[in-house]
Amino acid sequence: MKVLQKMAMMLTIVAASAVTVAAQEKGDMAAGVNFAVGMGDELTNFGFGAKFQYNVIAPLRLEGVFTYFLPKTEGVEGIAESKTSMWDLSVNAHYLFPLGEKVAVYPLAGVGILGVTSSVEMDLGEFGGGDADMSASSSDFGVNLGGGIDFKLTEVLILNAEAKYKIGGDFNRFIISAGVAYKF
């Protein structure tokens, strides 16, 4: 009897998963915003961005995302300050695993470009007769690995949280983000 109960439970779970996956059909699209924190290379800064999602097939979704990380100021005010801002432009693939009608988890893999701009302002005072300003920019290609979770608030609004590690070039960053998307 217990074997039949377990089989019935398994069939129910499989059927519920199939219905949920079918609800995420090929061609479904969503657009949204995200808030993020990036950590790594001795720099932690907050950011915000926009994303666009497209379901290629029922469980496979592609996402384009742009995140701008706000400038982080360090140094001794009035003597020397450095400001560093970053941006991340990525394309990621998500493979959705439904955990019920409203929740899905996904691993992600993708590629992208991480850009960094740093500027230094120094007050040379009596030694230099003024200020010295320098700036530099760089960008590197990278690979994204991570995962996330979607929570369906309504038929068209989805909350999500995501963690990914961006590996590439001179910059390796751990990025945690949360956002909302509107499905159309």
# chains A, B, ... in the order shown; residues from 1 in each chain; ligands from 1
>>> closest_atom_pairs(of="stretch 68-168 of chain A", to="stretch 30-51 of chain A", cutoff="8 Å", atoms="only C-alpha atoms", output="CSV")
residue,atom,partner,partner_atom,distance
A:Tyr68,CA,A:Gly47,CA,5.2
A:Phe69,CA,A:Gly47,CA,3.8
A:Leu70,CA,A:Gly47,CA,5.5
A:Pro71,CA,A:Asn45,CA,7.3
A:Lys72,CA,A:Asn45,CA,6.2
>>> write_last_selection(atoms="C-alpha atoms", output="JSON list (two decimals), in the first residue's frame")
[["chain", "number", "residue", "atom", "x", "y", "z"],
["A", 68, "TYR", "CA", 25.29, 50.17, -13.14],
["A", 69, "PHE", "CA", 27.20, 50.12, -9.85],
["A", 70, "LEU", "CA", 27.28, 53.47, -8.05],
["A", 71, "PRO", "CA", 30.64, 55.19, -7.46],
["A", 72, "LYS", "CA", 32.47, 54.21, -4.31]]
>>> residues_around(residues="A:Val116", least_positions_apart="4", cutoff="10 Å", atoms="only C-alpha atoms", output="PyMOL selection string")
chain A and resi 69+71+84-88+136-140+171
>>> residues_around(residues="A:Gly146", least_positions_apart="5", cutoff="12 Å", atoms="only C-alpha atoms", output="ChimeraX atom specification")
/A:92-95,105-111,161-167,173-177
>>> write_last_selection(atoms="C-alpha atoms", output="tab-separated table (two decimals), in the first residue's frame")
chain	number	residue	atom	x	y	z
A	92	ASN	CA	22.59	34.68	-19.16
A	93	ALA	CA	20.74	31.42	-19.70
A	94	HIS	CA	18.39	30.18	-16.95
A	95	TYR	CA	17.03	26.62	-16.82
A	105	VAL	CA	14.69	27.92	-9.10
A	106	TYR	CA	17.33	28.06	-11.79
A	107	PRO	CA	21.04	27.66	-12.36
A	108	LEU	CA	22.52	30.30	-14.63
A	109	ALA	CA	25.44	30.50	-16.99
A	110	GLY	CA	26.33	33.41	-19.19
A	111	VAL	CA	28.83	35.82	-20.63
A	161	ALA	CA	16.65	36.94	-6.28
A	162	GLU	CA	19.92	35.88	-7.81
A	163	ALA	CA	23.56	35.26	-6.92
A	164	LYS	CA	26.28	34.97	-9.54
A	165	TYR	CA	30.02	34.99	-9.73
A	166	LYS	CA	31.56	36.90	-12.63
A	167	ILE	CA	34.98	35.57	-13.57
A	173	ARG	CA	32.97	39.89	-8.66
A	174	PHE	CA	30.31	38.18	-6.59
A	175	ILE	CA	26.99	39.87	-7.38
A	176	ILE	CA	23.76	39.46	-5.42
A	177	SER	CA	20.63	41.00	-6.91
>>> residues_around(residues="A:Lys152", least_positions_apart="4", cutoff="7 Å", atoms="only C-alpha atoms", output="PyMOL selection string")
chain A and resi 102-103+157-159
>>> write_last_selection(atoms="N, CA and C atoms", output="PDB file, in the first residue's frame")
ATOM      1  N   LYS A 102       4.005  28.686  -7.898  1.00  0.00           N
ATOM      2  CA  LYS A 102       4.474  30.064  -7.806  1.00  0.00           C
ATOM      3  C   LYS A 102       5.990  30.215  -7.714  1.00  0.00           C
ATOM      4  N   VAL A 103       6.722  29.131  -7.521  1.00  0.00           N
ATOM      5  CA  VAL A 103       8.158  29.236  -7.280  1.00  0.00           C
ATOM      6  C   VAL A 103       8.937  28.379  -8.275  1.00  0.00           C
ATOM      7  N   LEU A 157       3.403  39.662 -12.594  1.00  0.00           N
ATOM      8  CA  LEU A 157       4.500  40.193 -11.785  1.00  0.00           C
ATOM      9  C   LEU A 157       5.288  39.067 -11.130  1.00  0.00           C
ATOM     10  N   ILE A 158       6.622  39.130 -11.297  1.00  0.00           N
ATOM     11  CA  ILE A 158       7.495  38.098 -10.761  1.00  0.00           C
ATOM     12  C   ILE A 158       8.618  38.760  -9.965  1.00  0.00           C
ATOM     13  N   LEU A 159       8.808  38.326  -8.723  1.00  0.00           N
ATOM     14  CA  LEU A 159       9.954  38.751  -7.917  1.00  0.00           C
ATOM     15  C   LEU A 159      11.068  37.742  -8.123  1.00  0.00           C
TER      16      LEU A 159
END
>>> select_by_dssp(residues="stretch 66-184 of chain A", states="strand (DSSP E or B)", output="JSON list (two decimals) with N, CA and C atoms, in the first residue's frame")
[["chain", "number", "residue", "atom", "x", "y", "z"],
["A", 66, "PHE", "N", 21.57, 44.77, -17.76],
["A", 66, "PHE", "CA", 22.56, 45.83, -17.61],
["A", 66, "PHE", "C", 22.45, 46.34, -16.18],
["A", 67, "THR", "N", 23.57, 46.39, -15.46],
["A", 67, "THR", "CA", 23.59, 46.90, -14.09],
["A", 67, "THR", "C", 24.68, 47.95, -13.97],
["A", 68, "TYR", "N", 24.33, 49.10, -13.41],
["A", 68, "TYR", "CA", 25.29, 50.17, -13.14],
["A", 68, "TYR", "C", 25.56, 50.19, -11.64],
["A", 69, "PHE", "N", 26.82, 50.08, -11.25],
["A", 69, "PHE", "CA", 27.20, 50.12, -9.85],
["A", 69, "PHE", "C", 27.64, 51.54, -9.49],
["A", 70, "LEU", "N", 27.04, 52.09, -8.47],
["A", 70, "LEU", "CA", 27.28, 53.47, -8.05],
["A", 70, "LEU", "C", 28.75, 53.68, -7.64],
["A", 71, "PRO", "N", 29.25, 54.91, -7.82],
["A", 71, "PRO", "CA", 30.64, 55.19, -7.46],
["A", 71, "PRO", "C", 30.89, 54.97, -5.97],
["A", 72, "LYS", "N", 32.02, 54.41, -5.68],
["A", 72, "LYS", "CA", 32.47, 54.21, -4.31],
["A", 72, "LYS", "C", 33.66, 55.13, -4.10],
["A", 73, "THR", "N", 33.57, 55.97, -3.06],
["A", 73, "THR", "CA", 34.64, 56.92, -2.77],
["A", 73, "THR", "C", 35.47, 56.42, -1.60],
["A", 74, "GLU", "N", 36.79, 56.46, -1.79],
["A", 74, "GLU", "CA", 37.72, 56.05, -0.73],
["A", 74, "GLU", "C", 38.83, 57.07, -0.64],
["A", 75, "GLY", "N", 39.50, 57.10, 0.49],
["A", 75, "GLY", "CA", 40.65, 57.99, 0.65],
["A", 75, "GLY", "C", 40.46, 58.95, 1.79],
["A", 76, "VAL", "N", 41.34, 59.93, 1.82],
["A", 76, "VAL", "CA", 41.31, 60.95, 2.86],
["A", 76, "VAL", "C", 40.76, 62.22, 2.23],
["A", 80, "ALA", "N", 43.41, 63.27, -0.82],
["A", 80, "ALA", "CA", 43.34, 62.40, -2.00],
["A", 80, "ALA", "C", 42.09, 61.54, -1.89],
["A", 81, "GLU", "N", 41.31, 61.48, -2.97],
["A", 81, "GLU", "CA", 40.11, 60.64, -3.02],
["A", 81, "GLU", "C", 40.09, 59.88, -4.33],
["A", 82, "SER", "N", 39.64, 58.65, -4.23],
["A", 82, "SER", "CA", 39.45, 57.88, -5.46],
["A", 82, "SER", "C", 37.98, 57.46, -5.53],
["A", 83, "LYS", "N", 37.44, 57.54, -6.74],
["A", 83, "LYS", "CA", 36.06, 57.11, -6.99],
["A", 83, "LYS", "C", 36.11, 56.01, -8.03],
["A", 84, "THR", "N", 35.39, 54.93, -7.74],
["A", 84, "THR", "CA", 35.34, 53.79, -8.66],
["A", 84, "THR", "C", 33.89, 53.44, -8.92],
["A", 85, "SER", "N", 33.51, 53.43, -10.19],
["A", 85, "SER", "CA", 32.17, 52.98, -10.57],
["A", 85, "SER", "C", 32.33, 51.83, -11.56],
["A", 86, "MET", "N", 31.30, 51.02, -11.66],
["A", 86, "MET", "CA", 31.35, 49.85, -12.54],
["A", 86, "MET", "C", 30.03, 49.69, -13.27],
["A", 87, "TRP", "N", 30.06, 48.95, -14.36],
["A", 87, "TRP", "CA", 28.85, 48.55, -15.05],
["A", 87, "TRP", "C", 29.05, 47.12, -15.55],
["A", 88, "ASP", "N", 27.93, 46.42, -15.67],
["A", 88, "ASP", "CA", 27.96, 45.02, -16.09],
["A", 88, "ASP", "C", 26.88, 44.82, -17.15],
["A", 89, "LEU", "N", 27.26, 44.35, -18.32],
["A", 89, "LEU", "CA", 26.34, 44.02, -19.40],
["A", 89, "LEU", "C", 26.50, 42.53, -19.67],
["A", 90, "SER", "N", 25.42, 41.75, -19.44],
["A", 90, "SER", "CA", 25.51, 40.29, -19.54],
["A", 90, "SER", "C", 24.33, 39.69, -20.27],
["A", 91, "VAL", "N", 24.57, 38.51, -20.82],
["A", 91, "VAL", "CA", 23.51, 37.65, -21.36],
["A", 91, "VAL", "C", 23.65, 36.32, -20.63],
["A", 92, "ASN", "N", 22.58, 35.91, -19.95],
["A", 92, "ASN", "CA", 22.59, 34.68, -19.16],
["A", 92, "ASN", "C", 21.50, 33.73, -19.62],
["A", 93, "ALA", "N", 21.75, 32.44, -19.45],
["A", 93, "ALA", "CA", 20.74, 31.42, -19.70],
["A", 93, "ALA", "C", 20.30, 30.86, -18.35],
["A", 94, "HIS", "N", 18.99, 30.75, -18.17],
["A", 94, "HIS", "CA", 18.39, 30.18, -16.95],
["A", 94, "HIS", "C", 17.64, 28.91, -17.34],
["A", 95, "TYR", "N", 17.83, 27.83, -16.60],
["A", 95, "TYR", "CA", 17.03, 26.62, -16.82],
["A", 95, "TYR", "C", 16.13, 26.48, -15.61],
["A", 97, "PHE", "N", 13.50, 25.25, -12.91],
["A", 97, "PHE", "CA", 12.99, 24.06, -12.24],
["A", 97, "PHE", "C", 11.85, 24.50, -11.32],
["A", 98, "PRO", "N", 10.60, 24.18, -11.65],
["A", 98, "PRO", "CA", 9.48, 24.60, -10.81],
["A", 98, "PRO", "C", 9.45, 23.83, -9.49],
["A", 103, "VAL", "N", 6.72, 29.13, -7.52],
["A", 103, "VAL", "CA", 8.16, 29.24, -7.28],
["A", 103, "VAL", "C", 8.94, 28.38, -8.27],
["A", 104, "ALA", "N", 10.03, 28.94, -8.79],
["A", 104, "ALA", "CA", 10.95, 28.20, -9.66],
["A", 104, "ALA", "C", 12.37, 28.60, -9.28],
["A", 105, "VAL", "N", 13.27, 27.65, -9.31],
["A", 105, "VAL", "CA", 14.69, 27.92, -9.10],
["A", 105, "VAL", "C", 15.42, 27.66, -10.41],
["A", 106, "TYR", "N", 16.59, 28.26, -10.54],
["A", 106, "TYR", "CA", 17.33, 28.06, -11.79],
["A", 106, "TYR", "C", 18.83, 28.23, -11.57],
["A", 107, "PRO", "N", 19.61, 27.38, -12.25],
["A", 107, "PRO", "CA", 21.04, 27.66, -12.36],
["A", 107, "PRO", "C", 21.20, 28.65, -13.52],
["A", 108, "LEU", "N", 22.28, 29.38, -13.51],
["A", 108, "LEU", "CA", 22.52, 30.30, -14.63],
["A", 108, "LEU", "C", 23.96, 30.20, -15.09],
["A", 109, "ALA", "N", 24.11, 30.41, -16.37],
["A", 109, "ALA", "CA", 25.44, 30.50, -16.99],
["A", 109, "ALA", "C", 25.34, 31.57, -18.05],
["A", 110, "GLY", "N", 26.39, 32.35, -18.20],
["A", 110, "GLY", "CA", 26.33, 33.41, -19.19],
["A", 110, "GLY", "C", 27.68, 34.04, -19.45],
["A", 111, "VAL", "N", 27.64, 35.06, -20.28],
["A", 111, "VAL", "CA", 28.83, 35.82, -20.63],
["A", 111, "VAL", "C", 28.51, 37.31, -20.52],
["A", 112, "GLY", "N", 29.54, 38.11, -20.37],
["A", 112, "GLY", "CA", 29.29, 39.54, -20.28],
["A", 112, "GLY", "C", 30.56, 40.36, -20.26],
["A", 113, "ILE", "N", 30.36, 41.65, -20.17],
["A", 113, "ILE", "CA", 31.46, 42.61, -20.10],
["A", 113, "ILE", "C", 31.29, 43.42, -18.82],
["A", 114, "LEU", "N", 32.37, 43.54, -18.07],
["A", 114, "LEU", "CA", 32.37, 44.35, -16.85],
["A", 114, "LEU", "C", 33.27, 45.55, -17.10],
["A", 115, "GLY", "N", 32.73, 46.74, -16.95],
["A", 115, "GLY", "CA", 33.49, 47.96, -17.14],
["A", 115, "GLY", "C", 33.76, 48.66, -15.82],
["A", 116, "VAL", "N", 34.93, 49.26, -15.71],
["A", 116, "VAL", "CA", 35.35, 49.94, -14.48],
["A", 116, "VAL", "C", 35.91, 51.31, -14.85],
["A", 117, "THR", "N", 35.50, 52.33, -14.11],
["A", 117, "THR", "CA", 36.05, 53.67, -14.25],
["A", 117, "THR", "C", 36.54, 54.13, -12.89],
["A", 118, "SER", "N", 37.79, 54.53, -12.81],
["A", 118, "SER", "CA", 38.37, 55.03, -11.57],
["A", 118, "SER", "C", 38.94, 56.41, -11.80],
["A", 119, "SER", "N", 38.72, 57.27, -10.83],
["A", 119, "SER", "CA", 39.32, 58.61, -10.90],
["A", 119, "SER", "C", 39.92, 58.94, -9.55],
["A", 120, "VAL", "N", 41.01, 59.66, -9.59],
["A", 120, "VAL", "CA", 41.71, 60.07, -8.37],
["A", 120, "VAL", "C", 41.85, 61.58, -8.40],
["A", 121, "GLU", "N", 41.48, 62.21, -7.30],
["A", 121, "GLU", "CA", 41.64, 63.66, -7.14],
["A", 121, "GLU", "C", 42.59, 63.90, -5.97],
["A", 122, "MET", "N", 43.63, 64.68, -6.21],
["A", 122, "MET", "CA", 44.59, 64.98, -5.15],
["A", 122, "MET", "C", 44.74, 66.48, -5.01],
["A", 123, "ASP", "N", 44.80, 66.92, -3.77],
["A", 123, "ASP", "CA", 45.07, 68.32, -3.48],
["A", 123, "ASP", "C", 46.56, 68.41, -3.15],
["A", 131, "ASP", "N", 45.43, 71.28, -7.82],
["A", 131, "ASP", "CA", 44.89, 69.93, -7.77],
["A", 131, "ASP", "C", 45.42, 69.09, -8.93],
["A", 132, "ALA", "N", 45.46, 67.79, -8.71],
["A", 132, "ALA", "CA", 45.82, 66.85, -9.77],
["A", 132, "ALA", "C", 44.67, 65.84, -9.89],
["A", 133, "ASP", "N", 44.17, 65.70, -11.08],
["A", 133, "ASP", "CA", 43.08, 64.76, -11.34],
["A", 133, "ASP", "C", 43.52, 63.75, -12.39],
["A", 134, "MET", "N", 43.25, 62.50, -12.14],
["A", 134, "MET", "CA", 43.56, 61.44, -13.10],
["A", 134, "MET", "C", 42.38, 60.47, -13.15],
["A", 135, "SER", "N", 42.15, 59.88, -14.33],
["A", 135, "SER", "CA", 41.11, 58.87, -14.43],
["A", 135, "SER", "C", 41.52, 57.81, -15.44],
["A", 136, "ALA", "N", 40.95, 56.63, -15.26],
["A", 136, "ALA", "CA", 41.23, 55.52, -16.17],
["A", 136, "ALA", "C", 39.99, 54.65, -16.26],
["A", 137, "SER", "N", 39.80, 54.03, -17.42],
["A", 137, "SER", "CA", 38.69, 53.11, -17.64],
["A", 137, "SER", "C", 39.21, 51.82, -18.22],
["A", 138, "SER", "N", 38.52, 50.74, -17.91],
["A", 138, "SER", "CA", 38.89, 49.44, -18.43],
["A", 138, "SER", "C", 37.64, 48.58, -18.51],
["A", 139, "SER", "N", 37.65, 47.61, -19.40],
["A", 139, "SER", "CA", 36.55, 46.64, -19.45],
["A", 139, "SER", "C", 37.13, 45.28, -19.78],
["A", 140, "ASP", "N", 36.50, 44.25, -19.25],
["A", 140, "ASP", "CA", 36.95, 42.88, -19.45],
["A", 140, "ASP", "C", 35.78, 41.98, -19.74],
["A", 141, "PHE", "N", 36.01, 41.01, -20.60],
["A", 141, "PHE", "CA", 35.04, 39.96, -20.91],
["A", 141, "PHE", "C", 35.04, 38.97, -19.75],
["A", 142, "GLY", "N", 33.86, 38.46, -19.40],
["A", 142, "GLY", "CA", 33.79, 37.52, -18.29],
["A", 142, "GLY", "C", 32.72, 36.46, -18.49],
["A", 143, "VAL", "N", 32.77, 35.47, -17.62],
["A", 143, "VAL", "CA", 31.82, 34.37, -17.61],
["A", 143, "VAL", "C", 31.03, 34.45, -16.30],
["A", 144, "ASN", "N", 29.72, 34.23, -16.37],
["A", 144, "ASN", "CA", 28.86, 34.26, -15.19],
["A", 144, "ASN", "C", 28.43, 32.85, -14.82],
["A", 145, "LEU", "N", 28.48, 32.52, -13.53],
["A", 145, "LEU", "CA", 27.98, 31.25, -13.01],
["A", 145, "LEU", "C", 27.21, 31.55, -11.73],
["A", 146, "GLY", "N", 26.04, 30.95, -11.58],
["A", 146, "GLY", "CA", 25.27, 31.21, -10.37],
["A", 146, "GLY", "C", 23.92, 30.54, -10.40],
["A", 147, "GLY", "N", 22.98, 31.16, -9.70],
["A", 147, "GLY", "CA", 21.63, 30.63, -9.63],
["A", 147, "GLY", "C", 20.68, 31.65, -9.06],
["A", 148, "GLY", "N", 19.39, 31.33, -9.14],
["A", 148, "GLY", "CA", 18.40, 32.25, -8.63],
["A", 148, "GLY", "C", 17.07, 31.58, -8.36],
["A", 149, "ILE", "N", 16.13, 32.40, -7.92],
["A", 149, "ILE", "CA", 14.79, 31.93, -7.61],
["A", 149, "ILE", "C", 13.78, 32.97, -8.08],
["A", 150, "ASP", "N", 12.68, 32.50, -8.69],
["A", 150, "ASP", "CA", 11.57, 33.36, -9.10],
["A", 150, "ASP", "C", 10.37, 33.06, -8.22],
["A", 151, "PHE", "N", 9.65, 34.12, -7.83],
["A", 151, "PHE", "CA", 8.41, 33.97, -7.09],
["A", 151, "PHE", "C", 7.33, 34.74, -7.82],
["A", 152, "LYS", "N", 6.32, 34.02, -8.28],
["A", 152, "LYS", "CA", 5.23, 34.61, -9.06],
["A", 152, "LYS", "C", 4.24, 35.29, -8.11],
["A", 157, "LEU", "N", 3.40, 39.66, -12.59],
["A", 157, "LEU", "CA", 4.50, 40.19, -11.78],
["A", 157, "LEU", "C", 5.29, 39.07, -11.13],
["A", 158, "ILE", "N", 6.62, 39.13, -11.30],
["A", 158, "ILE", "CA", 7.49, 38.10, -10.76],
["A", 158, "ILE", "C", 8.62, 38.76, -9.96],
["A", 159, "LEU", "N", 8.81, 38.33, -8.72],
["A", 159, "LEU", "CA", 9.95, 38.75, -7.92],
["A", 159, "LEU", "C", 11.07, 37.74, -8.12],
["A", 160, "ASN", "N", 12.31, 38.21, -8.10],
["A", 160, "ASN", "CA", 13.39, 37.24, -8.17],
["A", 160, "ASN", "C", 14.59, 37.69, -7.35],
["A", 161, "ALA", "N", 15.39, 36.71, -6.95],
["A", 161, "ALA", "CA", 16.65, 36.94, -6.28],
["A", 161, "ALA", "C", 17.69, 36.07, -6.96],
["A", 162, "GLU", "N", 18.91, 36.58, -7.03],
["A", 162, "GLU", "CA", 19.92, 35.88, -7.81],
["A", 162, "GLU", "C", 21.30, 36.13, -7.22],
["A", 163, "ALA", "N", 22.15, 35.13, -7.31],
["A", 163, "ALA", "CA", 23.56, 35.26, -6.92],
["A", 163, "ALA", "C", 24.39, 34.70, -8.06],
["A", 164, "LYS", "N", 25.40, 35.46, -8.47],
["A", 164, "LYS", "CA", 26.28, 34.97, -9.54],
["A", 164, "LYS", "C", 27.70, 35.42, -9.26],
["A", 165, "TYR", "N", 28.61, 34.66, -9.82],
["A", 165, "TYR", "CA", 30.02, 34.99, -9.73],
["A", 165, "TYR", "C", 30.51, 35.30, -11.13],
["A", 166, "LYS", "N", 31.04, 36.48, -11.32],
["A", 166, "LYS", "CA", 31.56, 36.90, -12.63],
["A", 166, "LYS", "C", 33.07, 36.72, -12.59],
["A", 167, "ILE", "N", 33.57, 35.90, -13.51],
["A", 167, "ILE", "CA", 34.98, 35.57, -13.57],
["A", 167, "ILE", "C", 35.52, 36.08, -14.90],
["A", 168, "GLY", "N", 36.58, 36.90, -14.85],
["A", 168, "GLY", "CA", 37.16, 37.33, -16.11],
["A", 168, "GLY", "C", 38.13, 38.46, -15.98],
["A", 171, "PHE", "N", 39.05, 41.45, -13.15],
["A", 171, "PHE", "CA", 38.00, 41.64, -12.17],
["A", 171, "PHE", "C", 37.20, 40.35, -11.96],
["A", 172, "ASN", "N", 37.11, 39.92, -10.72],
["A", 172, "ASN", "CA", 36.23, 38.83, -10.33],
["A", 172, "ASN", "C", 35.28, 39.41, -9.29],
["A", 173, "ARG", "N", 33.97, 39.26, -9.54],
["A", 173, "ARG", "CA", 32.97, 39.89, -8.66],
["A", 173, "ARG", "C", 31.90, 38.89, -8.29],
["A", 174, "PHE", "N", 31.47, 38.92, -7.05],
["A", 174, "PHE", "CA", 30.31, 38.18, -6.59],
["A", 174, "PHE", "C", 29.17, 39.19, -6.54],
["A", 175, "ILE", "N", 28.09, 38.91, -7.26],
["A", 175, "ILE", "CA", 26.99, 39.87, -7.38],
["A", 175, "ILE", "C", 25.70, 39.23, -6.87],
["A", 176, "ILE", "N", 25.06, 39.89, -5.93],
["A", 176, "ILE", "CA", 23.76, 39.46, -5.42],
["A", 176, "ILE", "C", 22.75, 40.50, -5.87],
["A", 177, "SER", "N", 21.63, 40.04, -6.44],
["A", 177, "SER", "CA", 20.63, 41.00, -6.91],
["A", 177, "SER", "C", 19.23, 40.53, -6.57],
["A", 178, "ALA", "N", 18.32, 41.47, -6.53],
["A", 178, "ALA", "CA", 16.90, 41.20, -6.33],
["A", 178, "ALA", "C", 16.14, 42.15, -7.25],
["A", 179, "GLY", "N", 15.03, 41.68, -7.78],
["A", 179, "GLY", "CA", 14.30, 42.52, -8.71],
["A", 179, "GLY", "C", 12.87, 42.08, -8.90],
["A", 180, "VAL", "N", 12.22, 42.80, -9.81],
["A", 180, "VAL", "CA", 10.85, 42.51, -10.18],
["A", 180, "VAL", "C", 10.77, 42.59, -11.69],
["A", 181, "ALA", "N", 9.96, 41.70, -12.28],
["A", 181, "ALA", "CA", 9.78, 41.69, -13.73],
["A", 181, "ALA", "C", 8.28, 41.67, -14.06],
["A", 182, "TYR", "N", 7.95, 42.30, -15.17],
["A", 182, "TYR", "CA", 6.58, 42.33, -15.66],
["A", 182, "TYR", "C", 6.52, 41.45, -16.90],
["A", 183, "LYS", "N", 5.69, 40.40, -16.83],
["A", 183, "LYS", "CA", 5.55, 39.45, -17.93],
["A", 183, "LYS", "C", 4.50, 39.95, -18.91]]
>>> decode(residues="stretch 55-91 of chain A", atoms="C-alpha atoms", output="PDB file, in the first residue's frame")
ATOM      1  CA  ASN A  55      11.701  31.959 -22.980  1.00  0.00           C
ATOM      2  CA  VAL A  56      13.410  30.065 -25.815  1.00  0.00           C
ATOM      3  CA  ILE A  57      11.601  26.841 -24.877  1.00  0.00           C
ATOM      4  CA  ALA A  58       9.412  26.027 -21.871  1.00  0.00           C
ATOM      5  CA  PRO A  59      12.152  25.636 -19.205  1.00  0.00           C
ATOM      6  CA  LEU A  60      14.988  27.599 -20.913  1.00  0.00           C
ATOM      7  CA  ARG A  61      15.084  31.381 -20.608  1.00  0.00           C
ATOM      8  CA  LEU A  62      17.599  33.892 -21.932  1.00  0.00           C
ATOM      9  CA  GLU A  63      18.127  37.142 -20.062  1.00  0.00           C
ATOM     10  CA  GLY A  64      19.902  40.323 -21.077  1.00  0.00           C
ATOM     11  CA  VAL A  65      20.780  42.505 -18.098  1.00  0.00           C
ATOM     12  CA  PHE A  66      22.558  45.828 -17.607  1.00  0.00           C
ATOM     13  CA  THR A  67      23.588  46.902 -14.087  1.00  0.00           C
ATOM     14  CA  TYR A  68      25.289  50.166 -13.140  1.00  0.00           C
ATOM     15  CA  PHE A  69      27.202  50.121  -9.846  1.00  0.00           C
ATOM     16  CA  LEU A  70      27.284  53.472  -8.046  1.00  0.00           C
ATOM     17  CA  PRO A  71      30.639  55.188  -7.462  1.00  0.00           C
ATOM     18  CA  LYS A  72      32.470  54.205  -4.311  1.00  0.00           C
ATOM     19  CA  THR A  73      34.637  56.920  -2.770  1.00  0.00           C
ATOM     20  CA  GLU A  74      37.716  56.050  -0.732  1.00  0.00           C
ATOM     21  CA  GLY A  75      40.650  57.987   0.650  1.00  0.00           C
ATOM     22  CA  VAL A  76      41.313  60.951   2.858  1.00  0.00           C
ATOM     23  CA  GLU A  77      38.922  63.809   2.120  1.00  0.00           C
ATOM     24  CA  GLY A  78      40.668  67.001   1.103  1.00  0.00           C
ATOM     25  CA  ILE A  79      43.990  65.287   0.393  1.00  0.00           C
ATOM     26  CA  ALA A  80      43.336  62.401  -2.000  1.00  0.00           C
ATOM     27  CA  GLU A  81      40.114  60.645  -3.017  1.00  0.00           C
ATOM     28  CA  SER A  82      39.453  57.880  -5.457  1.00  0.00           C
ATOM     29  CA  LYS A  83      36.065  57.113  -6.988  1.00  0.00           C
ATOM     30  CA  THR A  84      35.339  53.793  -8.657  1.00  0.00           C
ATOM     31  CA  SER A  85      32.171  52.975 -10.568  1.00  0.00           C
ATOM     32  CA  MET A  86      31.350  49.849 -12.539  1.00  0.00           C
ATOM     33  CA  TRP A  87      28.853  48.546 -15.053  1.00  0.00           C
ATOM     34  CA  ASP A  88      27.956  45.019 -16.091  1.00  0.00           C
ATOM     35  CA  LEU A  89      26.338  44.022 -19.396  1.00  0.00           C
ATOM     36  CA  SER A  90      25.515  40.288 -19.536  1.00  0.00           C
ATOM     37  CA  VAL A  91      23.513  37.652 -21.359  1.00  0.00           C
TER      38      VAL A  91
END
